[in-house]
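A.B. asks: Contents of work.cif (mmCIF, C-alpha atoms):
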data_work
loop_
_atom_site.label_atom_id
_atom_site.label_comp_id
_atom_site.auth_asym_id
_atom_site.auth_seq_id
_atom_site.Cartn_x
_atom_site.Cartn_y
_atom_site.Cartn_z
CA MET X 6 -61.74 -6.70 65.40
CA ALA X 7 -63.38 -8.93 68.03
CA GLU X 8 -65.52 -11.81 66.80
CA ALA X 9 -69.24 -12.10 67.35
CA THR X 10 -70.32 -15.46 68.81
CA LEU X 11 -73.14 -17.55 67.40
CA THR X 12 -74.24 -20.16 69.94
CA ILE X 13 -76.19 -23.17 68.66
CA ASP X 14 -78.09 -25.25 71.21
CA LEU X 15 -78.08 -28.85 69.95
CA ASP X 16 -80.33 -30.00 72.78
CA ALA X 17 -82.92 -27.46 71.65
CA VAL X 18 -82.75 -28.82 68.08
CA VAL X 19 -83.46 -32.34 69.34
CA SER X 20 -86.17 -31.05 71.66
CA ASN X 21 -87.90 -29.42 68.70
CA HIS X 22 -87.75 -32.71 66.81
CA ARG X 23 -89.36 -34.51 69.74
CA ALA X 24 -92.13 -31.91 69.89
CA LEU X 25 -92.81 -32.21 66.16
CA ASP X 26 -92.67 -36.00 66.44
CA ALA X 27 -95.39 -35.77 69.08
CA GLU X 28 -97.44 -33.64 66.66
CA SER X 29 -96.94 -36.30 63.97
CA GLY X 30 -98.48 -38.95 66.21
CA ASP X 31 -98.10 -42.69 66.57
CA GLY X 32 -97.42 -44.67 63.44
CA THR X 33 -95.78 -41.75 61.59
CA GLU X 34 -92.01 -41.49 61.34
CA THR X 35 -90.56 -38.01 61.85
CA ALA X 36 -87.49 -37.51 59.67
CA VAL X 37 -85.25 -34.43 59.58
CA VAL X 38 -84.31 -32.02 56.79
CA VAL X 39 -80.67 -30.95 57.00
CA LYS X 40 -80.27 -29.26 53.61
CA ALA X 41 -78.36 -25.99 53.20
CA ASN X 42 -75.75 -27.14 55.73
CA ALA X 43 -78.45 -27.84 58.33
CA TYR X 44 -80.07 -24.47 57.58
CA GLY X 45 -76.73 -22.76 58.04
CA LEU X 46 -75.95 -24.25 61.46
CA ASP X 47 -73.37 -26.82 60.21
CA ILE X 48 -74.38 -30.30 59.20
CA GLY X 49 -71.20 -31.69 60.76
CA HIS X 50 -72.43 -30.75 64.24
CA VAL X 51 -76.20 -30.97 63.85
CA ALA X 52 -76.61 -34.24 61.94
CA PRO X 53 -74.60 -36.41 64.37
CA ARG X 54 -76.73 -35.09 67.22
CA PHE X 55 -79.86 -36.13 65.33
CA ALA X 56 -78.38 -39.54 64.55
CA ALA X 57 -77.40 -40.05 68.18
CA SER X 58 -81.00 -39.38 69.19
CA GLY X 59 -82.17 -42.25 66.99
CA ILE X 60 -83.32 -40.51 63.80
CA ARG X 61 -82.91 -42.80 60.80
CA SER X 62 -84.18 -40.73 57.84
CA PHE X 63 -82.51 -37.54 56.59
CA PHE X 64 -83.40 -35.28 53.66
CA VAL X 65 -80.96 -33.08 51.72
CA ALA X 66 -81.24 -31.01 48.54
CA THR X 67 -78.27 -32.18 46.49
CA THR X 68 -75.81 -35.01 46.03
CA GLU X 69 -73.03 -32.82 47.42
CA GLU X 70 -75.03 -32.37 50.60
CA ALA X 71 -75.59 -36.12 50.81
CA VAL X 72 -71.83 -36.68 50.62
CA SER X 73 -71.26 -34.14 53.39
CA LEU X 74 -73.98 -35.74 55.51
CA THR X 75 -72.63 -39.27 55.28
CA LYS X 76 -69.17 -38.04 56.24
CA SER X 77 -70.80 -36.96 59.50
CA ILE X 78 -73.17 -39.84 60.24
CA GLY X 79 -71.97 -42.77 58.12
CA HIS X 80 -74.09 -44.84 55.77
CA GLY X 81 -76.57 -46.39 58.21
CA PRO X 82 -79.50 -43.91 58.07
CA LYS X 83 -81.51 -43.35 54.91
CA VAL X 84 -80.48 -40.25 52.98
CA TYR X 85 -83.07 -38.86 50.57
CA VAL X 86 -82.08 -36.31 47.92
CA PHE X 87 -84.80 -33.82 46.93
CA GLY X 88 -83.02 -32.89 43.69
CA GLY X 89 -83.34 -36.43 42.40
CA LEU X 90 -80.89 -38.18 40.12
CA LEU X 91 -78.75 -36.27 37.64
CA PRO X 92 -76.60 -38.22 35.16
CA GLN X 93 -73.34 -36.79 36.49
CA ASP X 94 -74.22 -38.00 40.00
CA GLN X 95 -74.95 -41.62 39.07
CA LYS X 96 -71.73 -43.14 40.41
CA GLN X 97 -72.08 -41.40 43.75
CA PHE X 98 -75.60 -42.77 44.16
CA GLU X 99 -74.50 -46.28 43.29
CA SER X 100 -71.54 -46.29 45.67
CA ALA X 101 -73.22 -44.63 48.62
CA SER X 102 -76.84 -45.84 48.41
CA TYR X 103 -78.37 -42.38 48.60
CA ILE X 104 -82.05 -42.41 47.71
CA PRO X 105 -82.91 -40.04 44.85
CA LEU X 106 -86.42 -38.60 44.82
CA LEU X 107 -87.03 -38.88 41.08
CA ASN X 108 -89.00 -35.85 39.95
CA SER X 109 -89.22 -36.15 36.16
CA VAL X 110 -89.62 -38.80 33.48
CA GLU X 111 -86.07 -38.03 32.37
CA GLN X 112 -84.76 -38.84 35.84
CA VAL X 113 -86.75 -42.08 35.88
CA LYS X 114 -85.12 -43.03 32.55
CA THR X 115 -81.68 -42.29 34.02
CA TYR X 116 -82.49 -44.49 36.98
CA CYS X 117 -83.81 -47.34 34.84
CA ALA X 118 -80.70 -47.28 32.65
CA HIS X 119 -78.67 -48.56 35.61
CA PRO X 120 -80.10 -51.88 36.83
CA ASP X 121 -77.80 -51.96 39.87
CA GLN X 122 -79.13 -48.65 41.17
CA SER X 123 -80.17 -48.73 44.84
CA GLU X 124 -83.49 -47.59 46.29
CA PHE X 125 -85.41 -44.64 44.89
CA GLY X 126 -88.37 -42.45 45.74
CA LEU X 127 -90.77 -40.45 43.63
CA GLN X 128 -91.60 -36.77 43.98
CA LEU X 129 -95.03 -35.68 42.77
CA ASP X 130 -96.33 -32.26 41.82
CA THR X 131 -99.68 -31.72 43.51
CA GLY X 132 -99.97 -28.00 42.81
CA MET X 133 -96.74 -26.24 43.68
CA ASN X 134 -95.45 -26.41 40.10
CA ARG X 135 -91.82 -26.54 41.11
CA LEU X 136 -90.51 -30.13 41.18
CA GLY X 137 -92.30 -33.41 40.66
CA LEU X 138 -94.22 -35.69 38.35
CA GLU X 139 -97.72 -34.67 37.30
CA ALA X 140 -100.44 -37.26 36.82
CA ASP X 141 -99.68 -38.20 33.18
CA GLU X 142 -95.94 -38.20 33.88
CA LEU X 143 -96.50 -40.50 36.86
CA ARG X 144 -98.22 -43.02 34.58
CA ASP X 145 -95.26 -42.90 32.19
CA ALA X 146 -92.83 -43.26 35.07
CA LEU X 147 -94.61 -46.30 36.47
CA ASN X 148 -94.59 -47.96 33.05
CA LEU X 149 -90.82 -47.42 32.84
CA LEU X 150 -90.24 -48.71 36.37
CA GLY X 151 -92.20 -51.92 35.88
CA ASP X 152 -91.98 -54.03 39.03
CA ARG X 153 -89.66 -51.68 40.88
CA ARG X 154 -91.34 -50.05 43.85
CA PRO X 155 -90.38 -46.70 45.35
CA ASP X 156 -89.16 -46.57 48.93
CA ILE X 157 -91.34 -43.48 49.42
CA VAL X 158 -93.51 -41.08 47.44
CA ILE X 159 -93.53 -37.42 48.47
CA SER X 160 -95.02 -34.09 47.55
CA HIS X 161 -94.60 -30.61 48.98
CA LEU X 162 -97.19 -28.13 50.21
CA ALA X 163 -96.91 -24.60 48.85
CA CYS X 164 -98.91 -22.76 51.55
CA ALA X 165 -98.65 -24.87 54.70
CA ASP X 166 -97.62 -21.83 56.75
CA GLU X 167 -101.10 -20.41 56.05
CA PRO X 168 -103.42 -23.04 57.59
CA ASP X 169 -106.59 -21.67 55.98
CA HIS X 170 -105.17 -21.37 52.47
CA PRO X 171 -107.37 -23.37 50.06
CA LEU X 172 -104.37 -24.79 48.23
CA ASN X 173 -103.54 -26.97 51.26
CA ALA X 174 -106.78 -28.95 50.94
CA ALA X 175 -106.48 -29.01 47.14
CA GLN X 176 -102.99 -30.47 47.32
CA LEU X 177 -104.06 -33.02 49.91
CA THR X 178 -106.90 -34.14 47.62
CA GLU X 179 -104.53 -34.41 44.65
CA PHE X 180 -101.99 -36.37 46.68
CA HIS X 181 -104.69 -38.85 47.62
CA ARG X 182 -105.84 -39.07 44.01
CA LEU X 183 -102.36 -39.88 42.77
CA THR X 184 -101.32 -42.29 45.51
CA ASP X 185 -104.33 -43.99 47.11
CA GLY X 186 -104.38 -47.73 46.56
CA MET X 187 -100.71 -47.91 45.58
CA ASN X 188 -99.47 -49.33 48.91
CA TRP X 189 -96.55 -46.88 48.98
CA ARG X 190 -94.99 -45.14 51.94
CA ARG X 191 -96.07 -41.52 51.61
CA SER X 192 -94.93 -38.10 52.84
CA LEU X 193 -96.59 -34.73 52.29
CA ALA X 194 -95.77 -32.65 55.37
CA ALA X 195 -92.76 -30.54 56.24
CA THR X 196 -92.93 -28.32 59.37
CA GLY X 197 -96.08 -26.44 58.36
CA GLY X 198 -97.83 -29.57 57.12
CA THR X 199 -97.03 -31.36 60.36
CA LEU X 200 -98.89 -28.60 62.22
CA LEU X 201 -101.92 -28.85 59.90
CA GLY X 202 -103.00 -32.05 61.59
CA PRO X 203 -103.21 -35.84 61.11
CA ALA X 204 -104.78 -35.71 57.65
CA TYR X 205 -101.47 -34.42 56.30
CA HIS X 206 -99.12 -36.77 58.15
CA PHE X 207 -99.29 -40.06 56.22
CA ASP X 208 -96.30 -42.36 56.91
CA LEU X 209 -93.52 -39.83 57.36
CA THR X 210 -93.24 -36.13 58.17
CA ARG X 211 -90.05 -34.24 57.35
CA PRO X 212 -89.72 -31.01 59.34
CA GLY X 213 -86.97 -28.55 58.51
CA ILE X 214 -87.18 -24.93 59.71
CA GLY X 215 -89.17 -25.86 62.83
CA LEU X 216 -86.25 -27.96 64.07
CA TYR X 217 -84.07 -24.86 64.10
CA GLY X 218 -86.49 -22.59 65.94
CA GLY X 219 -88.32 -21.00 63.01
CA ALA X 220 -91.92 -20.27 62.06
CA PRO X 221 -94.49 -21.61 61.59
CA PHE X 222 -93.59 -23.70 64.67
CA ALA X 223 -94.52 -21.08 67.25
CA ASP X 224 -93.70 -23.37 70.19
CA ALA X 225 -90.17 -24.14 68.99
CA ALA X 226 -87.39 -23.85 71.54
CA PRO X 227 -84.94 -21.13 70.49
CA VAL X 228 -81.82 -22.65 68.95
CA VAL X 229 -79.48 -19.73 68.17
CA THR X 230 -78.07 -16.90 70.26
CA LEU X 231 -75.92 -14.16 68.74
CA ASP X 232 -73.65 -12.05 70.94
CA ILE X 233 -71.82 -9.15 69.28
CA PRO X 234 -68.86 -7.34 70.85
CA VAL X 235 -68.94 -3.61 71.57
CA ILE X 236 -65.88 -1.95 70.05
CA GLN X 237 -66.56 1.71 70.79
CA THR X 238 -68.98 3.91 72.71
CA ARG X 239 -69.59 7.62 72.06
CA THR X 240 -72.04 10.36 72.99
CA VAL X 241 -73.86 12.27 70.26
CA VAL X 242 -75.82 15.42 70.93
CA GLU X 243 -79.16 16.59 69.60
CA GLY X 244 -78.97 17.16 65.84
CA GLU X 245 -75.95 14.92 65.19
CA SER X 246 -76.34 11.98 62.81
CA VAL X 247 -75.12 8.39 63.01
CA GLY X 248 -73.93 6.16 60.17
CA TYR X 249 -74.12 6.21 56.38
CA GLY X 250 -76.48 8.64 54.74
CA ALA X 251 -77.09 10.42 58.06
CA ALA X 252 -80.14 8.17 58.20
CA TRP X 253 -80.61 8.58 61.97
CA ILE X 254 -80.42 11.93 63.73
CA ALA X 255 -80.41 12.25 67.51
CA ASP X 256 -83.33 14.18 68.99
CA LYS X 257 -81.53 14.37 72.34
CA THR X 258 -78.13 13.55 73.81
CA THR X 259 -77.67 9.83 73.15
CA LYS X 260 -75.08 7.21 74.04
CA ILE X 261 -74.18 5.11 70.97
CA ALA X 262 -72.37 1.76 70.99
CA THR X 263 -70.75 0.54 67.79
CA ILE X 264 -70.66 -3.27 67.57
CA SER X 265 -68.78 -5.57 65.22
CA ALA X 266 -71.18 -7.34 62.87
CA GLY X 267 -73.03 -6.28 59.75
CA TYR X 268 -74.48 -7.36 56.45
CA ALA X 269 -71.28 -9.25 55.56
CA ASP X 270 -72.25 -11.49 58.47
CA GLY X 271 -75.75 -12.15 57.14
CA LEU X 272 -77.48 -9.36 59.05
CA ASN X 273 -79.75 -8.14 56.30
CA ARG X 274 -79.22 -4.46 55.54
CA ALA X 275 -82.97 -3.86 55.40
CA MET X 276 -83.49 -4.80 59.05
CA GLY X 277 -82.31 -1.32 59.98
CA ARG X 278 -85.69 -0.04 58.80
CA GLY X 279 -87.54 -2.13 61.38
CA GLU X 280 -87.80 -2.10 65.15
CA VAL X 281 -84.76 -4.22 65.96
CA ARG X 282 -83.26 -4.22 69.42
CA LEU X 283 -80.11 -5.55 71.01
CA PHE X 284 -80.08 -6.71 74.59
CA ALA X 285 -77.88 -6.15 77.59
CA GLY X 286 -79.30 -8.86 79.78
CA ASP X 287 -83.03 -8.11 79.80
CA THR X 288 -82.65 -4.47 78.78
CA PRO X 289 -83.52 -3.73 75.13
CA CYS X 290 -81.43 -1.19 73.24
CA PRO X 291 -82.66 0.06 69.84
CA LEU X 292 -80.65 -0.45 66.67
CA VAL X 293 -80.17 2.99 65.06
CA GLY X 294 -78.73 4.11 61.75
CA ARG X 295 -78.00 1.94 58.76
CA VAL X 296 -76.67 -1.60 58.91
CA SER X 297 -73.23 -1.43 57.33
CA MET X 298 -70.91 -4.18 56.12
CA ASP X 299 -69.13 -4.82 59.42
CA LEU X 300 -70.82 -2.62 62.01
CA LEU X 301 -74.09 -1.85 63.77
CA THR X 302 -74.85 1.18 65.92
CA VAL X 303 -77.03 0.89 69.00
CA ASP X 304 -78.66 3.39 71.36
CA VAL X 305 -77.42 2.27 74.79
CA SER X 306 -78.60 5.34 76.68
CA ALA X 307 -80.71 3.13 78.96
CA LEU X 308 -77.61 1.41 80.34
CA ASP X 309 -75.60 2.65 83.29
CA THR X 310 -72.71 0.47 82.18
CA VAL X 311 -72.19 -0.73 78.61
CA PRO X 312 -71.25 -4.45 78.58
CA THR X 313 -68.55 -6.01 76.43
CA HIS X 314 -71.20 -7.66 74.21
CA LEU X 315 -74.80 -7.01 73.17
CA THR X 316 -77.17 -9.81 72.16
CA LEU X 317 -79.09 -9.68 68.88
CA LEU X 318 -80.69 -13.15 68.85
CA ASN X 319 -82.14 -14.69 71.98
CA SER X 320 -85.37 -16.15 73.34
CA THR X 321 -87.05 -12.72 73.13
CA GLN X 322 -85.97 -11.65 69.64
CA LYS X 323 -85.79 -14.64 67.31
CA ILE X 324 -84.82 -15.24 63.70
CA ASP X 325 -88.33 -14.52 62.44
CA ASP X 326 -88.44 -11.19 64.28
CA LEU X 327 -85.29 -10.04 62.48
CA ALA X 328 -86.60 -11.40 59.20
CA ALA X 329 -89.87 -9.50 59.59
CA ALA X 330 -87.96 -6.29 60.27
CA ALA X 331 -86.03 -6.84 57.03
CA GLY X 332 -89.10 -7.77 55.00
CA THR X 333 -87.94 -11.34 54.41
CA ILE X 334 -88.41 -14.79 56.00
CA GLY X 335 -86.67 -16.66 58.78
CA TYR X 336 -85.32 -19.28 56.36
CA GLU X 337 -83.29 -16.65 54.52
CA PHE X 338 -82.01 -15.02 57.69
CA LEU X 339 -80.98 -18.30 59.31
CA THR X 340 -79.18 -19.72 56.28
CA SER X 341 -77.35 -16.41 55.72
CA LEU X 342 -75.68 -16.20 59.12
CA GLY X 343 -72.07 -15.63 58.24
CA ALA X 344 -68.79 -17.48 58.35
CA ARG X 345 -67.04 -14.80 60.44
CA TYR X 346 -68.89 -15.73 63.62
CA ARG X 347 -67.15 -17.80 66.23
CA ARG X 348 -69.51 -20.74 66.50
CA ARG X 349 -70.12 -22.36 69.85
CA TYR X 350 -72.15 -25.55 70.19
CA VAL X 351 -73.81 -26.40 73.47
CA GLY X 352 -75.69 -29.54 74.42
CA SER X 353 -74.64 -33.13 73.89
CA GLU X 354 -72.96 -34.01 70.60
#
What would you get if you wrote out this structure as C-alpha cells?
C.D. replies:
Amino acid sequence: MAEATLTIDLDAVVSNHRALDAESGDGTETAVVVKANAYGLDIGHVAPRFAASGIRSFFVATTEEAVSLTKSIGHGPKVYVFGGLLPQDQKQFESASYIPLLNSVEQVKTYCAHPDQSEFGLQLDTGMNRLGLEADELRDALNLLGDRRPDIVISHLACADEPDHPLNAAQLTEFHRLTDGMNWRRSLAATGGTLLGPAYHFDLTRPGIGLYGGAPFADAAPVVTLDIPVIQTRTVVEGESVGYGAAWIADKTTKIATISAGYADGLNRAMGRGEVRLFAGDTPCPLVGRVSMDLLTVDVSALDTVPTHLTLLNSTQKIDDLAAAAGTIGYEFLTSLGARYRRRYVGSE
C-alpha cells in the first residue's frame, strides 16, 4: 500500500517562535517546549533547527526526553525537565546537567541528598492542582535548600486558552504572592499565557503548541501538511452504502475515492462524524463513511480527474479543525500522527 506523506515545515516552526517572541516583548526570553518528541514531529529534526536559530532554553517532560534532546543538540543549551527529579534518574542529571523542576518536598530532599547536583528549578502550584509546591510546601523546600538558589521558578496556567477565565487572574495573583521579592527568574506563560499579555510574561515564556501551528495561537503559520494516496476509485449509485456499518448512504450517483490512511495513523475515528474535507488543490472533497484502521473514503464527485493524492492537512484545514471534528484538541491530534507516514522535512535544518 502506498505511503501517506507528512510534510513538516521547519522554517514555519521557527517563524512561529519569532512571532511568539515578539509577543513576549523585550527583556523576556522565549524558550521552546519540545516534549512528546517535539509534539510528535520528531525532536531529532525540530530541536536542531531551534538551536541553530539561537534558542538556548528547552523544556521537556521526562529524563528520557532530555537524553534524546541532548543527542540532537548537545549539552550547550539549558534543558529543563518538567517532571522534576526522580531517584532513579539522579545519575543522568548529574552527568548531563539537566535542570530538574522540583515539584514536591520529596524531590527537594532527593536533590539535597546529592551535594554535587547541578542547577535546579522549582515548580509551584498556583491553582492547577497537578504538579508543584503549594505555599506551605514552598516554605519547607526553601528551608531544606538553604543558600541554594533556583535557576528559575515556574508555574502553569490551567485556562490560558480562555482569556476571560477568572482562574487566569487568580493564578497570576498567587504566583506574585509566592514569588515577589525573591529575586528569582520566573516563568508562568506557555503559548496561551504568552498571548494573555505582558502581565503574564515575567522573565521567560515557554510556548509549545503554538510553535507547531496549534491553537490558541490563531496567527501561527501552518507547520504540517498531510498528503494521502488514492488507491481506488469507484462509482456508487443512489441507495448504496460506503464503509463499515453502512454509516453513509449515497443520495445520488457518487464517485468515491478510497485513500490509504486511517485511525492506525492517528486519524481519530470520531472525526468521521464531523465536516472533514480532503483537498485536490483548492477543491474540497467531503470525507464520507467511517474512518477505518487503514482507509478513508472521500466523495470526489466534484473532480473531473482524481489525482494520485488528496490532502487532509493544509493551510485551510489545520490540526485544530480535525480535532474539533473529532471532539478532541489539537494537542492530541498532533502528537498522535502515526509512524507509518513518510516524513518529509522542508526548510533549513
A.B. asks: Just checking: using all atoms listed in the file, which residue out of X:Gly30, X:Gly132, X:Gly126, X:Gly197 ends up closest to X:Ile159?
C.D. replies: X:Gly126
A.B. asks: From the list X:Ala226, X:Ile157, X:Val86, X:Ile334, which residue is nearest X:Leu209 when using all atoms listed in the file?
C.D. replies: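 Among X:Ala226, X:Ile157, X:Val86, X:Ile334, it is X:Ile157 that comes nearest to X:Leu209.
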A.B. asks: Apply the PyMOL selection byres ((chain X and resi 297) around 10) to the displayed file and report the matching residues as a PyMOL selection string.
C.D. replies: chain X and resi 248-249+265-269+272-274+277+294-296+298-302
A.B. asks: Can you write just those residues out, C-alpha atoms, as a PDB file, in the coordinates of the input?
C.D. replies:
ATOM      1  CA  GLY X 248     -73.930   6.160  60.170  1.00  0.00           C
ATOM      2  CA  TYR X 249     -74.120   6.210  56.380  1.00  0.00           C
ATOM      3  CA  SER X 265     -68.780  -5.570  65.220  1.00  0.00           C
ATOM      4  CA  ALA X 266     -71.180  -7.340  62.870  1.00  0.00           C
ATOM      5  CA  GLY X 267     -73.030  -6.280  59.750  1.00  0.00           C
ATOM      6  CA  TYR X 268     -74.480  -7.360  56.450  1.00  0.00           C
ATOM      7  CA  ALA X 269     -71.280  -9.250  55.560  1.00  0.00           C
ATOM      8  CA  LEU X 272     -77.480  -9.360  59.050  1.00  0.00           C
ATOM      9  CA  ASN X 273     -79.750  -8.140  56.300  1.00  0.00           C
ATOM     10  CA  ARG X 274     -79.220  -4.460  55.540  1.00  0.00           C
ATOM     11  CA  GLY X 277     -82.310  -1.320  59.980  1.00  0.00           C
ATOM     12  CA  GLY X 294     -78.730   4.110  61.750  1.00  0.00           C
ATOM     13  CA  ARG X 295     -78.000   1.940  58.760  1.00  0.00           C
ATOM     14  CA  VAL X 296     -76.670  -1.600  58.910  1.00  0.00           C
ATOM     15  CA  MET X 298     -70.910  -4.180  56.120  1.00  0.00           C
ATOM     16  CA  ASP X 299     -69.130  -4.820  59.420  1.00  0.00           C
ATOM     17  CA  LEU X 300     -70.820  -2.620  62.010  1.00  0.00           C
ATOM     18  CA  LEU X 301     -74.090  -1.850  63.770  1.00  0.00           C
ATOM     19  CA  THR X 302     -74.850   1.180  65.920  1.00  0.00           C
TER      20      THR X 302
END
A.B. asks: Give me the residues near X:Ser58 as an mmCIF file with C-alpha atoms, keeping the file's coordinate frame, where near means some atom within 12 Å (using only C-alpha atoms) and where sequence neighbours in that chain fewer than 4 positions away do not count.
C.D. replies:
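Dumped to result-v4.cif:
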data_model
loop_
_atom_site.group_PDB
_atom_site.id
_atom_site.type_symbol
_atom_site.label_atom_id
_atom_site.label_comp_id
_atom_site.auth_asym_id
_atom_site.auth_seq_id
_atom_site.Cartn_x
_atom_site.Cartn_y
_atom_site.Cartn_z
ATOM 1 C CA LEU X 15 -78.080 -28.850 69.950
ATOM 2 C CA ASP X 16 -80.330 -30.000 72.780
ATOM 3 C CA VAL X 18 -82.750 -28.820 68.080
ATOM 4 C CA VAL X 19 -83.460 -32.340 69.340
ATOM 5 C CA SER X 20 -86.170 -31.050 71.660
ATOM 6 C CA HIS X 22 -87.750 -32.710 66.810
ATOM 7 C CA ARG X 23 -89.360 -34.510 69.740
ATOM 8 C CA ALA X 36 -87.490 -37.510 59.670
ATOM 9 C CA VAL X 37 -85.250 -34.430 59.580
ATOM 10 C CA VAL X 51 -76.200 -30.970 63.850
ATOM 11 C CA ALA X 52 -76.610 -34.240 61.940
ATOM 12 C CA PRO X 53 -74.600 -36.410 64.370
ATOM 13 C CA ARG X 54 -76.730 -35.090 67.220
ATOM 14 C CA SER X 62 -84.180 -40.730 57.840
ATOM 15 C CA ILE X 78 -73.170 -39.840 60.240
ATOM 16 C CA SER X 353 -74.640 -33.130 73.890
ATOM 17 C CA GLU X 354 -72.960 -34.010 70.600
#
A.B. asks: Name every residue that the PyMOL selection byres ((chain X and resi 258) around 10) selects in this structure, writing the answer as a PDB file with C-alpha atoms, keeping the file's coordinate frame with chains first and numbers rising.
C.D. replies:
ATOM      1  CA  THR X 240     -72.040  10.360  72.990  1.00  0.00           C
ATOM      2  CA  VAL X 241     -73.860  12.270  70.260  1.00  0.00           C
ATOM      3  CA  VAL X 242     -75.820  15.420  70.930  1.00  0.00           C
ATOM      4  CA  GLU X 243     -79.160  16.590  69.600  1.00  0.00           C
ATOM      5  CA  GLY X 244     -78.970  17.160  65.840  1.00  0.00           C
ATOM      6  CA  GLU X 245     -75.950  14.920  65.190  1.00  0.00           C
ATOM      7  CA  ALA X 255     -80.410  12.250  67.510  1.00  0.00           C
ATOM      8  CA  ASP X 256     -83.330  14.180  68.990  1.00  0.00           C
ATOM      9  CA  LYS X 257     -81.530  14.370  72.340  1.00  0.00           C
ATOM     10  CA  THR X 259     -77.670   9.830  73.150  1.00  0.00           C
ATOM     11  CA  LYS X 260     -75.080   7.210  74.040  1.00  0.00           C
ATOM     12  CA  ILE X 261     -74.180   5.110  70.970  1.00  0.00           C
ATOM     13  CA  SER X 306     -78.600   5.340  76.680  1.00  0.00           C
TER      14      SER X 306
END
A.B. asks: Name the residues that the PyMOL selection byres ((chain X and resi 90) around 8) pulls out of this structure, and write them as a list of chain:residue names.
C.D. replies: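 This file, filtered by the PyMOL selection byres ((chain X and resi 90) around 8), leaves X:Gly88, X:Gly89, X:Leu91, X:Pro92, X:Asp94, X:Gln95, X:Pro105, X:Leu106, X:Leu107, X:Gln112, X:Thr115, X:Tyr116.
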A.B. asks: Looking at X:Leu129, X:Asn42, X:Phe87, X:Lys76, which one is nearest to X:Arg144, with distances taken over all atoms listed in the file?
C.D. replies: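 Of all the options, X:Leu129 lies closest to X:Arg144.
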A.B. asks: Could you check the closest approach to X:Lys40 for each of X:Ile60, X:Leu200, X:Ala140, X:Ile214 and tell me which residue wins, using all atoms listed in the file?
C.D. replies: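 Of all the options, X:Ile214 lies closest to X:Lys40.
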A.B. asks: Contacts of stretch 309-325 of chain X at 6 Å or less, counting all atoms listed in the file, minus same-chain residues fewer than 2 places along, as a PyMOL selection string?
C.D. replies: chain X and resi 227+230-235+283-285+327-329+335
A.B. asks: Output C-alpha atoms for every residue in the selection just made, as a PDB file, in the coordinates of the input.
C.D. replies:
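And here is the file that came out, selection02.pdb:
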ATOM      1  CA  PRO X 227     -84.940 -21.130  70.490  1.00  0.00           C
ATOM      2  CA  THR X 230     -78.070 -16.900  70.260  1.00  0.00           C
ATOM      3  CA  LEU X 231     -75.920 -14.160  68.740  1.00  0.00           C
ATOM      4  CA  ASP X 232     -73.650 -12.050  70.940  1.00  0.00           C
ATOM      5  CA  ILE X 233     -71.820  -9.150  69.280  1.00  0.00           C
ATOM      6  CA  PRO X 234     -68.860  -7.340  70.850  1.00  0.00           C
ATOM      7  CA  VAL X 235     -68.940  -3.610  71.570  1.00  0.00           C
ATOM      8  CA  LEU X 283     -80.110  -5.550  71.010  1.00  0.00           C
ATOM      9  CA  PHE X 284     -80.080  -6.710  74.590  1.00  0.00           C
ATOM     10  CA  ALA X 285     -77.880  -6.150  77.590  1.00  0.00           C
ATOM     11  CA  LEU X 327     -85.290 -10.040  62.480  1.00  0.00           C
ATOM     12  CA  ALA X 328     -86.600 -11.400  59.200  1.00  0.00           C
ATOM     13  CA  ALA X 329     -89.870  -9.500  59.590  1.00  0.00           C
ATOM     14  CA  GLY X 335     -86.670 -16.660  58.780  1.00  0.00           C
TER      15      GLY X 335
END
A.B. asks: Report, as lines of an AutoDock Vina configuration file, the axis-aligned box around all atoms of stretch 167-170 of chain X present in the file, extended by 6 Å on each side; give centre and edge lengths in Å to one decimal place.
C.D. replies:
center_x = -103.8
center_y = -21.7
center_z = 55.0
size_x = 17.5
size_y = 14.6
size_z = 17.1
A.B. asks: Counting all atoms listed in the file, which of X:Leu11, X:Val229, X:Val293, X:Met133 gets nearest to X:Val247?
C.D. replies: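 Residue with the minimum atom-to-atom distance to X:Val247: X:Val293.
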A.B. asks: Have a look at atom CA of X:Ala307 and atom CA of X:Pro291 and let me know their distance in Å, one decimal.
C.D. replies: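 Straight-line distance from atom CA of X:Ala307 to atom CA of X:Pro291 works out to 9.8 Å.
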A.B. asks: Which residue out of X:Asp304, X:Asp169, X:Asp224, X:Asp326 has the minimum interatomic distance to X:Glu28 when all atoms listed in the file are used?
C.D. replies: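 Counting all atoms listed in the file, the residue closest to X:Glu28 is X:Asp224.
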